[in-house]
Structures are given as C-alpha cells and as structure tokens.
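Raw my_file11.csv, CSV, C-alpha atoms:
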chain,number,residue,atom,x,y,z
A,1,MET,CA,52.6,99.4,-16.8
A,2,LYS,CA,56.2,98.5,-16.0
A,3,PRO,CA,56.7,98.0,-12.2
A,4,ASN,CA,58.9,100.4,-10.2
A,5,THR,CA,61.0,97.5,-8.9
A,6,ILE,CA,62.0,94.3,-10.6
A,7,HIS,CA,62.9,91.3,-8.4
A,8,ILE,CA,65.2,88.5,-9.5
A,9,GLN,CA,64.1,85.3,-7.8
A,10,ASP,CA,66.6,82.5,-8.3
A,11,VAL,CA,65.4,78.9,-8.5
A,12,THR,CA,68.7,77.1,-9.3
A,13,LEU,CA,68.8,75.2,-6.0
A,14,ARG,CA,65.3,73.8,-6.6
A,15,ASP,CA,64.4,73.7,-10.3
A,16,GLY,CA,68.0,73.6,-11.5
A,17,ASN,CA,69.2,71.0,-9.0
A,18,GLN,CA,66.2,68.6,-9.6
A,19,ALA,CA,67.1,68.4,-13.3
A,20,LEU,CA,70.8,67.5,-12.8
A,21,LYS,CA,72.0,64.0,-13.6
A,22,ARG,CA,73.6,64.0,-10.2
A,23,PRO,CA,71.9,66.5,-7.8
A,24,TRP,CA,74.1,68.4,-5.5
A,25,THR,CA,75.2,67.4,-2.1
A,26,ILE,CA,74.5,69.6,0.9
A,27,ASP,CA,78.0,71.1,0.8
A,28,GLU,CA,77.7,71.8,-2.9
A,29,LYS,CA,74.3,73.4,-2.3
A,30,ILE,CA,75.8,75.6,0.4
A,31,GLU,CA,78.4,76.8,-2.1
A,32,VAL,CA,75.8,77.6,-4.7
A,33,PHE,CA,73.7,79.4,-2.1
A,34,ASP,CA,76.8,81.5,-1.2
A,35,LEU,CA,77.4,82.3,-4.8
A,36,LEU,CA,73.8,83.5,-5.1
A,37,VAL,CA,74.2,85.7,-2.0
A,38,ASP,CA,77.4,87.2,-3.5
A,39,LEU,CA,75.5,87.9,-6.8
A,40,ASN,CA,72.9,89.7,-4.6
A,41,VAL,CA,69.8,88.1,-6.2
A,42,ASP,CA,66.7,89.4,-4.6
A,43,GLY,CA,65.4,86.1,-3.4
A,44,ILE,CA,66.4,82.4,-3.4
A,45,GLU,CA,64.3,79.2,-3.7
A,46,VAL,CA,66.3,76.7,-1.7
A,47,GLY,CA,64.5,73.4,-2.6
A,48,PHE,CA,61.6,71.0,-2.3
A,49,PRO,CA,61.7,70.0,1.4
A,50,SER,CA,59.0,67.3,1.3
A,51,SER,CA,60.7,65.4,-1.5
A,52,ASN,CA,63.2,63.6,0.7
A,53,GLU,CA,65.0,63.9,4.1
A,54,ALA,CA,68.3,65.1,2.7
A,55,GLU,CA,66.4,67.9,0.8
A,56,PHE,CA,64.6,68.8,4.0
A,57,GLN,CA,67.8,69.1,6.0
A,58,THR,CA,69.5,71.1,3.3
A,59,CYS,CA,66.6,73.6,3.2
A,60,GLN,CA,66.8,74.0,7.0
A,61,VAL,CA,70.6,74.7,6.8
A,62,LEU,CA,70.2,77.2,4.0
A,63,SER,CA,67.3,79.0,5.6
A,64,LYS,CA,69.3,79.5,8.8
A,65,ARG,CA,72.3,80.7,6.6
A,66,ALA,CA,70.3,83.3,4.8
A,67,PRO,CA,71.1,87.0,5.2
A,68,LYS,CA,68.7,89.3,7.0
A,69,GLY,CA,65.9,90.4,4.7
A,70,LYS,CA,66.6,87.9,1.9
A,71,PRO,CA,63.4,86.1,0.9
A,72,ILE,CA,64.0,82.3,1.2
A,73,ALA,CA,61.4,80.2,-0.6
A,74,ALA,CA,60.7,76.5,-0.8
A,75,LEU,CA,58.3,74.6,-3.0
A,76,SER,CA,55.3,72.5,-1.9
A,77,ARG,CA,52.5,70.8,-3.7
A,78,ALA,CA,48.9,71.7,-2.6
A,79,ASN,CA,49.0,69.2,0.1
A,80,GLU,CA,48.6,70.1,3.8
A,81,LYS,CA,51.2,67.5,5.0
A,82,GLU,CA,53.8,68.8,2.5
A,83,ILE,CA,53.0,72.4,3.3
A,84,ALA,CA,53.6,71.7,7.0
A,85,VAL,CA,56.9,70.0,6.2
A,86,THR,CA,58.0,72.9,4.0
A,87,TRP,CA,57.2,75.4,6.7
A,88,GLU,CA,59.2,73.5,9.2
A,89,ALA,CA,62.2,73.5,6.8
A,90,ILE,CA,62.3,77.2,6.1
A,91,GLN,CA,60.6,78.9,9.1
A,92,ASN,CA,64.0,79.9,10.6
A,93,ALA,CA,64.9,82.1,7.7
A,94,ASP,CA,64.7,85.8,8.5
A,95,LYS,CA,62.2,86.2,5.6
A,96,PRO,CA,60.7,82.8,4.7
A,97,ARG,CA,58.3,82.4,1.7
A,98,MET,CA,55.9,79.5,1.2
A,99,HIS,CA,55.5,78.5,-2.4
A,100,ILE,CA,52.6,76.3,-3.4
A,101,VAL,CA,52.1,74.9,-6.9
A,102,TYR,CA,49.0,73.4,-8.5
A,103,PRO,CA,48.0,72.9,-12.2
A,104,VAL,CA,45.5,75.3,-13.8
A,105,SER,CA,45.5,74.4,-17.5
A,106,ASP,CA,42.5,72.6,-19.1
A,107,PHE,CA,44.8,69.9,-20.4
A,108,SER,CA,46.4,69.2,-17.0
A,109,ILE,CA,43.1,69.2,-15.2
A,110,LYS,CA,41.5,66.7,-17.6
A,111,HIS,CA,44.5,64.4,-18.3
A,112,VAL,CA,46.8,64.6,-15.3
A,113,LEU,CA,44.6,65.5,-12.3
A,114,LYS,CA,41.5,64.0,-13.8
A,115,ILE,CA,39.2,66.1,-11.6
A,116,SER,CA,36.7,68.9,-12.1
A,117,GLU,CA,37.5,72.6,-12.2
A,118,LYS,CA,35.4,73.0,-9.0
A,119,GLU,CA,37.7,70.5,-7.2
A,120,VAL,CA,40.7,72.4,-8.4
A,121,LEU,CA,39.4,75.6,-6.9
A,122,GLN,CA,38.6,73.8,-3.7
A,123,LYS,CA,42.2,72.4,-3.6
A,124,ILE,CA,43.7,75.8,-4.2
A,125,LYS,CA,41.5,77.4,-1.5
A,126,SER,CA,42.1,74.8,1.1
A,127,SER,CA,45.9,74.5,0.6
A,128,VAL,CA,46.6,78.3,0.5
A,129,SER,CA,44.2,78.8,3.5
A,130,PHE,CA,46.0,76.1,5.5
A,131,ALA,CA,49.4,77.6,4.6
A,132,ARG,CA,48.2,81.1,5.8
A,133,SER,CA,47.0,79.6,9.0
A,134,ILE,CA,50.4,78.1,9.9
A,135,VAL,CA,52.7,80.8,8.6
A,136,GLY,CA,50.8,83.7,10.1
A,137,PRO,CA,49.8,87.0,8.6
A,138,ASN,CA,53.2,88.5,7.7
A,139,VAL,CA,54.9,85.7,5.7
A,140,GLU,CA,54.7,85.8,1.9
A,141,ILE,CA,52.8,83.0,0.2
A,142,GLN,CA,53.4,82.4,-3.5
A,143,PHE,CA,50.9,80.5,-5.5
A,144,SER,CA,52.0,79.0,-8.9
A,145,GLY,CA,49.5,78.0,-11.4
A,146,GLU,CA,51.4,75.1,-13.1
A,147,HIS,CA,51.0,75.1,-16.9
A,148,PHE,CA,49.7,78.6,-16.9
A,149,GLY,CA,51.2,79.1,-20.4
A,150,ASP,CA,49.1,76.2,-21.6
A,151,ALA,CA,45.8,77.6,-20.1
A,152,ILE,CA,44.5,79.4,-23.2
A,153,GLU,CA,41.5,77.1,-23.6
A,154,ASN,CA,40.3,77.7,-20.0
A,155,PHE,CA,41.6,81.2,-19.4
A,156,ALA,CA,38.5,82.6,-17.7
A,157,PHE,CA,38.7,79.7,-15.2
A,158,THR,CA,42.5,80.3,-14.7
A,159,LYS,CA,41.9,83.9,-13.8
A,160,TYR,CA,39.3,82.8,-11.2
A,161,ALA,CA,41.8,80.2,-9.9
A,162,PHE,CA,44.3,83.0,-9.1
A,163,GLU,CA,41.6,85.2,-7.6
A,164,THR,CA,40.7,82.2,-5.3
A,165,ALA,CA,44.4,81.9,-4.3
A,166,ILE,CA,44.6,85.6,-3.4
A,167,GLU,CA,41.3,85.5,-1.4
A,168,ALA,CA,42.7,82.5,0.5
A,169,GLY,CA,45.9,84.3,1.5
A,170,ALA,CA,48.4,84.3,-1.4
A,171,ASN,CA,50.2,87.6,-2.0
A,172,ILE,CA,52.4,86.5,-4.9
A,173,ILE,CA,50.9,85.0,-8.1
A,174,ASN,CA,53.4,83.1,-10.2
A,175,LEU,CA,52.7,82.5,-13.9
A,176,PRO,CA,54.8,79.6,-15.2
A,177,ASN,CA,55.4,78.7,-18.8
A,178,THR,CA,55.9,75.2,-17.5
A,179,VAL,CA,56.4,73.9,-21.1
A,180,GLU,CA,57.2,76.5,-23.7
A,181,ARG,CA,54.8,75.8,-26.6
A,182,TYR,CA,53.9,79.2,-28.2
A,183,ARG,CA,55.6,82.4,-29.3
A,184,PRO,CA,56.5,84.9,-26.6
A,185,MET,CA,53.8,87.5,-27.2
A,186,ILE,CA,51.0,84.9,-26.7
A,187,PHE,CA,52.4,84.3,-23.2
A,188,VAL,CA,53.1,88.0,-22.6
A,189,ASN,CA,49.5,89.0,-23.5
A,190,MET,CA,48.3,86.4,-21.1
A,191,VAL,CA,50.4,88.0,-18.4
A,192,LYS,CA,49.0,91.4,-19.2
A,193,GLU,CA,45.5,90.1,-18.9
A,194,ILE,CA,46.2,88.6,-15.5
A,195,LYS,CA,47.8,91.9,-14.4
A,196,ASP,CA,44.8,93.8,-15.5
A,197,TYR,CA,42.6,91.3,-13.7
A,198,ILE,CA,44.3,91.2,-10.3
A,199,GLY,CA,45.7,94.7,-10.3
A,200,ASP,CA,47.7,95.4,-7.1
A,201,LYS,CA,46.0,92.6,-5.1
A,202,ALA,CA,49.2,90.5,-5.4
A,203,ILE,CA,52.8,90.7,-6.7
A,204,LEU,CA,53.0,89.2,-10.2
A,205,SER,CA,55.8,86.7,-10.9
A,206,ILE,CA,57.0,84.9,-14.1
A,207,HIS,CA,58.6,81.5,-14.4
A,208,THR,CA,59.5,80.4,-17.9
A,209,HIS,CA,61.1,77.4,-19.4
A,210,ASN,CA,63.3,77.4,-22.5
A,211,ASP,CA,61.9,74.5,-24.6
A,212,LEU,CA,61.8,76.7,-27.8
A,213,GLY,CA,64.8,78.9,-26.8
A,214,MET,CA,62.7,82.0,-26.0
A,215,ALA,CA,62.5,82.0,-22.2
A,216,THR,CA,64.6,85.1,-21.7
A,217,ALA,CA,62.7,87.1,-24.3
A,218,THR,CA,59.4,86.0,-22.8
A,219,SER,CA,60.4,86.9,-19.3
A,220,VAL,CA,61.9,90.3,-20.2
A,221,GLU,CA,58.9,91.3,-22.2
A,222,SER,CA,56.6,90.2,-19.3
A,223,VAL,CA,58.2,92.9,-17.2
A,224,TYR,CA,56.8,95.6,-19.5
A,225,VAL,CA,53.3,94.4,-19.0
A,226,GLY,CA,53.4,94.4,-15.2
A,227,ALA,CA,55.4,91.4,-13.9
A,228,ASN,CA,57.2,92.4,-10.7
A,229,GLN,CA,59.4,89.3,-10.3
A,230,ILE,CA,61.3,87.0,-12.7
A,231,GLU,CA,62.3,83.5,-11.7
A,232,VAL,CA,65.7,82.6,-13.2
A,233,ALA,CA,68.4,80.0,-12.9
A,234,LEU,CA,72.2,80.1,-13.0
A,235,ASN,CA,73.6,78.9,-16.4
A,236,GLY,CA,70.0,78.4,-17.5
A,237,LEU,CA,69.8,75.2,-15.5
A,238,GLY,CA,66.4,73.4,-15.2
A,239,GLU,CA,64.2,70.7,-16.6
A,240,ARG,CA,64.6,69.7,-20.2
A,241,ALA,CA,66.1,72.8,-22.0
A,242,GLY,CA,66.3,74.7,-18.7
A,243,ASN,CA,64.8,77.8,-17.0
A,244,THR,CA,65.2,81.4,-17.9
A,245,ASN,CA,68.9,82.2,-17.8
A,246,LEU,CA,69.8,84.7,-15.0
A,247,TYR,CA,72.7,86.3,-16.9
A,248,GLU,CA,70.9,86.9,-20.1
A,249,THR,CA,67.8,88.3,-18.3
A,250,ALA,CA,69.8,90.6,-16.1
A,251,ILE,CA,71.9,92.0,-18.9
A,252,ALA,CA,68.9,92.5,-21.2
A,253,LEU,CA,67.1,94.4,-18.5
A,254,HIS,CA,70.2,96.5,-17.7
A,255,GLN,CA,70.7,97.3,-21.4
A,256,ASN,CA,67.2,98.6,-21.5
A,257,GLY,CA,67.8,101.0,-18.6
A,258,GLU,CA,66.3,99.0,-15.8
A,259,SER,CA,67.9,99.1,-12.3
A,260,LEU,CA,68.7,95.8,-10.7
A,261,ASN,CA,70.3,94.9,-7.3
A,262,LEU,CA,72.5,92.3,-8.9
A,263,ASN,CA,76.3,92.3,-8.5
A,264,PHE,CA,77.0,92.1,-12.2
A,265,GLN,CA,80.7,91.6,-11.8
A,266,ARG,CA,80.0,88.2,-10.1
A,267,ILE,CA,78.3,86.8,-13.2
A,268,TYR,CA,81.3,85.3,-15.1
A,269,PRO,CA,83.1,83.7,-12.1
A,270,THR,CA,79.7,82.3,-10.9
A,271,ALA,CA,79.0,80.8,-14.3
A,272,LYS,CA,82.4,79.2,-14.5
A,273,ARG,CA,82.0,77.6,-11.0
A,274,ILE,CA,78.5,76.4,-11.7
A,275,SER,CA,79.8,74.7,-14.9
A,276,GLU,CA,82.4,72.9,-12.7
A,277,LEU,CA,79.9,71.9,-10.1
A,278,THR,CA,77.5,70.4,-12.7
A,279,GLY,CA,79.9,69.1,-15.3
A,280,ILE,CA,77.9,70.9,-17.9
A,281,PRO,CA,80.3,72.8,-20.2
A,282,ILE,CA,79.6,76.4,-21.3
A,283,GLY,CA,79.2,76.7,-25.1
A,284,GLU,CA,81.7,79.0,-26.7
A,285,LYS,CA,78.9,81.0,-28.3
A,286,THR,CA,76.7,81.1,-25.1
A,287,PRO,CA,75.5,84.7,-24.6
A,288,ILE,CA,77.3,86.7,-21.8
A,289,ILE,CA,79.6,83.9,-20.6
A,290,GLY,CA,80.8,82.0,-23.8
A,291,GLU,CA,84.5,82.1,-24.5
A,292,ASP,CA,84.2,83.3,-28.1
A,293,ILE,CA,81.6,86.1,-27.7
A,294,PHE,CA,84.2,88.9,-27.8
A,295,SER,CA,86.0,87.6,-30.9
A,296,HIS,CA,85.8,89.3,-34.3
A,297,ARG,CA,86.9,87.7,-37.6
A,298,SER,CA,84.8,89.4,-40.3
A,299,GLY,CA,86.7,92.2,-42.0
A,300,ILE,CA,83.7,94.6,-41.8
A,301,HIS,CA,83.3,93.9,-38.1
A,302,GLN,CA,87.0,94.3,-37.4
A,303,ASP,CA,87.0,97.8,-38.9
A,304,GLY,CA,84.2,98.9,-36.6
A,305,VAL,CA,85.7,97.2,-33.6
A,306,THR,CA,89.1,98.9,-34.0
A,307,LYS,CA,87.4,102.3,-34.3
A,308,THR,CA,85.3,101.9,-31.1
A,309,LEU,CA,87.5,99.7,-29.0
A,310,HIS,CA,87.7,101.8,-25.9
A,311,GLN,CA,84.3,103.4,-26.1
A,312,THR,CA,81.5,102.4,-23.7
A,313,LYS,CA,79.4,101.3,-26.6
A,314,GLY,CA,81.2,99.2,-29.1
A,315,ALA,CA,80.3,98.9,-32.8
A,316,TYR,CA,79.9,95.1,-32.3
A,317,ARG,CA,79.7,94.8,-28.5
A,318,THR,CA,76.7,95.0,-26.2
A,319,PHE,CA,78.7,95.3,-22.9
A,320,SER,CA,82.3,95.3,-21.8
A,321,PRO,CA,83.9,92.0,-20.6
A,322,GLU,CA,84.8,93.5,-17.2
A,323,PHE,CA,81.2,94.5,-16.5
A,324,VAL,CA,80.4,90.8,-15.9
A,325,GLY,CA,83.6,90.0,-14.2
A,326,ARG,CA,85.6,88.7,-17.2
A,327,ARG,CA,89.3,89.3,-17.5
A,328,ASP,CA,89.5,88.8,-21.3
A,329,LYS,CA,88.9,91.5,-23.9
A,330,GLU,CA,87.7,92.0,-27.4
A,331,THR,CA,90.0,90.0,-29.8
A,332,ILE,CA,90.6,90.2,-33.5
A,333,SER,CA,91.8,87.1,-35.4
A,334,PHE,CA,92.8,86.7,-39.0
A,335,THR,CA,91.0,84.1,-41.2
A,336,ASN,CA,90.2,84.2,-44.9
A,337,GLN,CA,87.1,86.3,-43.9
A,338,SER,CA,89.2,89.0,-42.4
A,339,GLY,CA,90.3,92.4,-43.8
A,340,HIS,CA,93.3,94.7,-44.0
A,341,LYS,CA,92.3,96.3,-40.7
A,342,ALA,CA,92.9,93.0,-38.8
A,343,ILE,CA,96.6,92.9,-40.0
A,344,GLU,CA,97.2,96.5,-39.2
A,345,PHE,CA,95.6,96.2,-35.7
A,346,LEU,CA,97.4,92.9,-34.8
A,347,LEU,CA,100.8,94.3,-35.8
A,348,ASN,CA,100.2,97.6,-34.1
A,349,GLN,CA,99.5,95.6,-30.9
A,350,LYS,CA,103.1,94.3,-31.2
A,351,GLY,CA,104.5,97.7,-31.9
A,352,ILE,CA,105.1,97.0,-35.6
A,353,LYS,CA,104.3,99.8,-38.0
A,354,VAL,CA,104.0,99.0,-41.7
A,355,SER,CA,102.9,101.0,-44.7
A,356,ARG,CA,99.6,100.6,-46.6
A,357,GLU,CA,101.4,98.8,-49.4
A,358,GLU,CA,103.1,96.4,-47.0
A,359,ILE,CA,99.7,95.7,-45.3
A,360,HIS,CA,98.2,94.9,-48.7
A,361,HIS,CA,101.0,92.6,-49.5
A,362,LEU,CA,100.7,90.8,-46.1
A,363,PHE,CA,96.9,90.6,-46.6
A,364,SER,CA,97.3,88.8,-49.9
A,365,LEU,CA,100.0,86.5,-48.5
A,366,ALA,CA,98.1,85.6,-45.4
A,367,LYS,CA,94.8,85.0,-47.3
A,368,SER,CA,96.7,82.7,-49.7
A,369,ILE,CA,98.2,80.6,-46.9
A,370,SER,CA,94.8,80.3,-45.1
A,371,SER,CA,93.0,79.2,-48.3
A,372,LYS,CA,95.7,76.7,-49.2
A,373,GLU,CA,95.5,75.2,-45.7
A,374,ASN,CA,91.8,74.4,-45.4
A,375,ASN,CA,90.9,78.0,-44.5
A,376,ARG,CA,92.7,77.9,-41.2
A,377,GLU,CA,93.3,80.9,-38.9
A,378,ILE,CA,96.6,82.7,-39.3
A,379,THR,CA,98.0,83.4,-35.9
A,380,GLU,CA,99.3,86.7,-34.6
A,381,ALA,CA,102.8,85.1,-34.4
A,382,GLU,CA,102.6,84.1,-38.0
A,383,LEU,CA,101.6,87.6,-39.1
A,384,VAL,CA,104.5,89.1,-37.1
A,385,ALA,CA,106.9,86.6,-38.8
A,386,LEU,CA,105.5,87.3,-42.2
A,387,SER,CA,105.9,91.1,-41.7
A,388,GLN,CA,109.4,90.7,-40.5
A,389,SER,CA,110.3,88.6,-43.5
A,390,ILE,CA,108.9,91.3,-45.8
A,391,LEU,CA,110.7,94.1,-44.0
A,392,SER,CA,114.0,92.1,-44.0
A,393,TYR,CA,113.6,91.4,-47.7
A,394,GLN,CA,113.2,95.1,-48.3

The structure given in the file should be rewritten as structure tokens.
Amino acid sequence: MKPNTIHIQDVTLRDGNQALKRPWTIDEKIEVFDLLVDLNVDGIEVGFPSSNEAEFQTCQVLSKRAPKGKPIAALSRANEKEIAVTWEAIQNADKPRMHIVYPVSDFSIKHVLKISEKEVLQKIKSSVSFARSIVGPNVEIQFSGEHFGDAIENFAFTKYAFETAIEAGANIINLPNTVERYRPMIFVNMVKEIKDYIGDKAILSIHTHNDLGMATATSVESVYVGANQIEVALNGLGERAGNTNLYETAIALHQNGESLNLNFQRIYPTAKRISELTGIPIGEKTPIIGEDIFSHRSGIHQDGVTKTLHQTKGAYRTFSPEFVGRRDKETISFTNQSGHKAIEFLLNQKGIKVSREEIHHLFSLAKSISSKENNREITEAELVALSQSILSYQ
C-alpha cells in the first residue's frame, strides 16, 4: 500500500515558530525559508496569517519568494474571515495551498468545542466549501482533523468528518497526532483504516507530535500503510516536545530504500544554523546531527569500526558523515571501556607502528592511568607520548 511518491511537507515556519520562546522576525523567517528551499523539501507551510499583522505580512513575502511549483501552505481555523485572510496572504505563491484545521476527537468536541457532532460536520462543510469558492478549482485545500490520534472513541464519526471535507472540496486529508498518547501502531492502524476508507479520493498526510518520543517512528510507519505526505520540522521544533524531526524521518526512509527529493547534504549545516537562530542547543547524542554520534569507545565496537571504516556500510554506522553534509568522521577514543584495537588504530593514524607485545603493555598502562584518575579518557597525544617512552626505554 506504500505510495509511489512520498512528499516532505515542512511546518517549521508555522508549528515550529509558534512554539519558540521568541518567535522569529521576518528577516529570520526569510532565512529559514531559504534554508528549506536549499534542502529541497517538497512543500513549506509559511505561517498562520490571521494570527497577527506581522505574521500576515511575512506570509505574503514568503509566498512571493517561493520557487515555481513549490506548494506554499498557510494555516487557518474553520472560520470564513480567517480563511479569506489566509488566502489573501498566500495567493501570490506559484502554488498556494489552503490549510484548514478543526477538531474531530470525541474529547475535543465535548470538552473544548462543546457542540454536537452534527454542528462539527456543518462547520467542516461550510468552511471547506467557502475556501473552495474563493481559491477556485485548481488550488489544493488541506483539511486537518485536529486530535485525530485521540479519536478512537468516535472513529466512525471521524471517518465521516473526513468524507464531508472531501465532498466539500478538500483534496488533502491531514491526520494529526496532535498529542502523542498511544503507541505508534495504534495510530498507524488508524491511518490504514482512513486510507482504506477514502481510497484515492484525497492525498493522505501525517502530522505527528513527539510527546512520548515516537513521532518519527509513527510517521515513517504511516507511509507503509498509505500516507503520501509527512509533515516535519527542522531540528524537531514544535509545541511541547516538538514535531516529527525532518532529519530523522528523511534518513529513516532513505535507509529503507525510499527515494526522496531532499538535498541530504544540506541537513547538517541547516541544523546548525537553526540551532543558532533559536538558541536551542543540539544534544551531543541527537540522531543524525549530534556531535558525538560518530564516536566509538567500546572495545568491541572499535574492533568492528576499524575493520569497516571505509566501507559504505559500517559495522556501527548507519550512514556516512558526509552524506548529511558533515565534515567530521568516525572517531575512536580510549577510555577504560576500550580495547587493544583502539591503541593500535590511534597510533597507526600517527604513523607509529608497535608490536603486539608493546600494544598490550600500552593497553595495561593506559587502563591503569584512566582508572586511577576517575576513569577519564586518555588522549591520543598521551598514547603517543606513552608509546614513545616505551620505545625509548627499549
């Protein structure tokens, strides 16, 4: 059921920006937009135009800046006035996309909207119909059923809500895991059921949040039950724990043989710049972009790394640093968890050849120093100095 084409729709400028402690200025948004264009994401959501005048103006600027053929979306609630404002903001894009959101879960309908299901359907129908009337027949309209992932209790109604949106003119149905509450396969099975229900009447899109740390897995698996589009954010930005991370999602799909339009070599420089623009540091163990993810300290791992260092597939490496635009490389360090191979490798890197017996001696000496000094790392320079002292002594 996997679709032939997988579209990466970025929501950093809307969902990511709205969650920042200091939302970006127009100049910063232009820079982020250009980074997204360089990454060659398939589509970009530029903001929420009806939220304030600055946001409206920014969406206008970015829409006019958009490359030919690039879908440019903006979000609106199911309100005719807001829909009209949103259309005014993005209509000058070469390929504008109207995005309307409205809750569909039983909990939200009862406790947030406090209206009947019949009224929800009427709201969906009237808002999407109005949008279609002002954008014309050829512009894409995306309808998001907010809190879809929490719609287990009223799933039959939810399916009908999406059918209503399609009949009113929506040609993209977006399924948000607005708050991640359940394990991935519960959501994925819900996606499959919607795909089976709507068939090819509309493009199926996924938008997941990372409250339990499973947004990437949920989004990737949704592709394999029929999702055509995945909504992502740079550096995993977004409300609370963030949105699906663009880098993790793209690499996961690539590693599983999927073809994406993304410029993978722009991932790392983009991530670094986004960190600077937000003031949010990148954790050293963050997948794809963390500073420490190509480091090896365990003796068993170091042995495998040295034997597969220059192969496309590494014993303990998913992808090469240069594939995502990194300039670093796999590194081996010596701690009291390391093995003989680490010493041999590090010395060979410096052009120093030592015998097995000398390596064993150096290994014991370095381990002893590390253990006596609070298990600290023994640097390459220290290993070189130790080897030279042994050779000199001999």

Checklist entry - What does the distance between CA of Glu276 in chain A and CA of Ala73 in chain A come to in Å, to one decimal place? => result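 So the two atoms, CA of Glu276 in chain A and CA of Ala73 in chain A, lie 25.3 Å apart.
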
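When only C-alpha atoms are used to compute distances to Lys192 in chain A, the closest of the residues A:Arg132, A:Arg326, A:Lys159, A:Arg65 turns out to be A:Lys159.
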
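Going from CA of Asn174 in chain A to CA of Asn263 in chain A covers 24.7 Å.
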
Which residues of range 208-306 of chain A have any atom within 10 Å of an atom in range 344-352 of chain A when counting only C-alpha atoms, and what is the closest pair of atoms for each, with the distance in Å to one decimal? Order the rows by chain and rising number and write it as CSV.
residue,atom,partner,partner_atom,distance
A:Gln302,CA,A:Phe345,CA,9.0
A:Asp303,CA,A:Phe345,CA,9.3
A:Thr306,CA,A:Phe345,CA,7.2

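The residue set within 12 Å of Val135 in chain A, counting all atoms listed in the file and dropping same-chain residues fewer than 2 places from it, reads Ile83, Ala84, Val85, Thr86, Trp87, Glu88, Ile90, Gln91, Asn92, Lys95, Pro96, Arg97, Met98, His99, Val128, Ser129, Phe130, Ala131, Arg132, Ser133, Pro137, Asn138, Val139, Glu140, Ile141, Gly169 and Ala170 of chain A.
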
Item to check | Point-to-point distance from CA of Asp106 in chain A to CA of Lys118 in chain A, Å rounded to tenths | outcome: 12.4 Å

Generate the coordinates of all heavy atoms for range 138-145 of chain A; report them as a PDB file, keeping the file's coordinate frame.
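Output contents, as saved in out_10.pdb:
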ATOM      1  N   ASN A 138      52.131  87.632   8.262  1.00  0.00           N
ATOM      2  CA  ASN A 138      53.200  88.500   7.700  1.00  0.00           C
ATOM      3  C   ASN A 138      54.122  87.738   6.714  1.00  0.00           C
ATOM      4  O   ASN A 138      54.969  88.364   6.086  1.00  0.00           O
ATOM      5  CB  ASN A 138      54.016  89.095   8.805  1.00  0.00           C
ATOM      6  CG  ASN A 138      53.177  89.975   9.705  1.00  0.00           C
ATOM      7  OD1 ASN A 138      52.327  90.726   9.237  1.00  0.00           O
ATOM      8  ND2 ASN A 138      53.400  89.870  11.011  1.00  0.00           N
ATOM      9  N   VAL A 139      54.010  86.432   6.611  1.00  0.00           N
ATOM     10  CA  VAL A 139      54.900  85.700   5.700  1.00  0.00           C
ATOM     11  C   VAL A 139      54.276  85.631   4.308  1.00  0.00           C
ATOM     12  O   VAL A 139      53.061  85.458   4.140  1.00  0.00           O
ATOM     13  CB  VAL A 139      55.049  84.212   6.240  1.00  0.00           C
ATOM     14  CG1 VAL A 139      55.747  83.323   5.198  1.00  0.00           C
ATOM     15  CG2 VAL A 139      55.845  84.230   7.538  1.00  0.00           C
ATOM     16  N   GLU A 140      55.135  85.793   3.313  1.00  0.00           N
ATOM     17  CA  GLU A 140      54.700  85.800   1.900  1.00  0.00           C
ATOM     18  C   GLU A 140      54.281  84.338   1.513  1.00  0.00           C
ATOM     19  O   GLU A 140      54.980  83.377   1.847  1.00  0.00           O
ATOM     20  CB  GLU A 140      55.753  86.276   0.979  1.00  0.00           C
ATOM     21  CG  GLU A 140      56.059  87.755   1.139  1.00  0.00           C
ATOM     22  CD  GLU A 140      57.211  88.205   0.262  1.00  0.00           C
ATOM     23  OE1 GLU A 140      58.160  87.423   0.068  1.00  0.00           O
ATOM     24  OE2 GLU A 140      57.155  89.357  -0.214  1.00  0.00           O
ATOM     25  N   ILE A 141      53.168  84.240   0.799  1.00  0.00           N
ATOM     26  CA  ILE A 141      52.800  83.000   0.200  1.00  0.00           C
ATOM     27  C   ILE A 141      52.672  83.191  -1.312  1.00  0.00           C
ATOM     28  O   ILE A 141      51.955  84.079  -1.788  1.00  0.00           O
ATOM     29  CB  ILE A 141      51.396  82.491   0.723  1.00  0.00           C
ATOM     30  CG1 ILE A 141      51.475  82.178   2.217  1.00  0.00           C
ATOM     31  CG2 ILE A 141      50.932  81.248  -0.052  1.00  0.00           C
ATOM     32  CD1 ILE A 141      50.153  81.744   2.831  1.00  0.00           C
ATOM     33  N   GLN A 142      53.417  82.379  -2.029  1.00  0.00           N
ATOM     34  CA  GLN A 142      53.400  82.400  -3.500  1.00  0.00           C
ATOM     35  C   GLN A 142      52.619  81.254  -4.024  1.00  0.00           C
ATOM     36  O   GLN A 142      52.906  80.117  -3.664  1.00  0.00           O
ATOM     37  CB  GLN A 142      54.827  82.440  -4.044  1.00  0.00           C
ATOM     38  CG  GLN A 142      54.902  82.370  -5.570  1.00  0.00           C
ATOM     39  CD  GLN A 142      56.323  82.586  -6.090  1.00  0.00           C
ATOM     40  OE1 GLN A 142      56.996  83.532  -5.721  1.00  0.00           O
ATOM     41  NE2 GLN A 142      56.784  81.686  -6.960  1.00  0.00           N
ATOM     42  N   PHE A 143      51.651  81.539  -4.874  1.00  0.00           N
ATOM     43  CA  PHE A 143      50.900  80.500  -5.500  1.00  0.00           C
ATOM     44  C   PHE A 143      51.260  80.414  -7.001  1.00  0.00           C
ATOM     45  O   PHE A 143      51.157  81.418  -7.710  1.00  0.00           O
ATOM     46  CB  PHE A 143      49.405  80.616  -5.377  1.00  0.00           C
ATOM     47  CG  PHE A 143      48.633  79.578  -6.158  1.00  0.00           C
ATOM     48  CD1 PHE A 143      48.570  78.276  -5.708  1.00  0.00           C
ATOM     49  CD2 PHE A 143      48.042  79.897  -7.379  1.00  0.00           C
ATOM     50  CE1 PHE A 143      47.910  77.295  -6.439  1.00  0.00           C
ATOM     51  CE2 PHE A 143      47.380  78.928  -8.125  1.00  0.00           C
ATOM     52  CZ  PHE A 143      47.311  77.617  -7.652  1.00  0.00           C
ATOM     53  N   SER A 144      51.686  79.237  -7.477  1.00  0.00           N
ATOM     54  CA  SER A 144      52.000  79.000  -8.900  1.00  0.00           C
ATOM     55  C   SER A 144      50.932  78.200  -9.562  1.00  0.00           C
ATOM     56  O   SER A 144      50.620  77.093  -9.102  1.00  0.00           O
ATOM     57  CB  SER A 144      53.352  78.292  -9.038  1.00  0.00           C
ATOM     58  OG  SER A 144      54.436  79.127  -8.741  1.00  0.00           O
ATOM     59  N   GLY A 145      50.398  78.726 -10.637  1.00  0.00           N
ATOM     60  CA  GLY A 145      49.500  78.000 -11.400  1.00  0.00           C
ATOM     61  C   GLY A 145      50.221  77.182 -12.495  1.00  0.00           C
ATOM     62  O   GLY A 145      50.523  77.702 -13.573  1.00  0.00           O
TER      63      GLY A 145
END
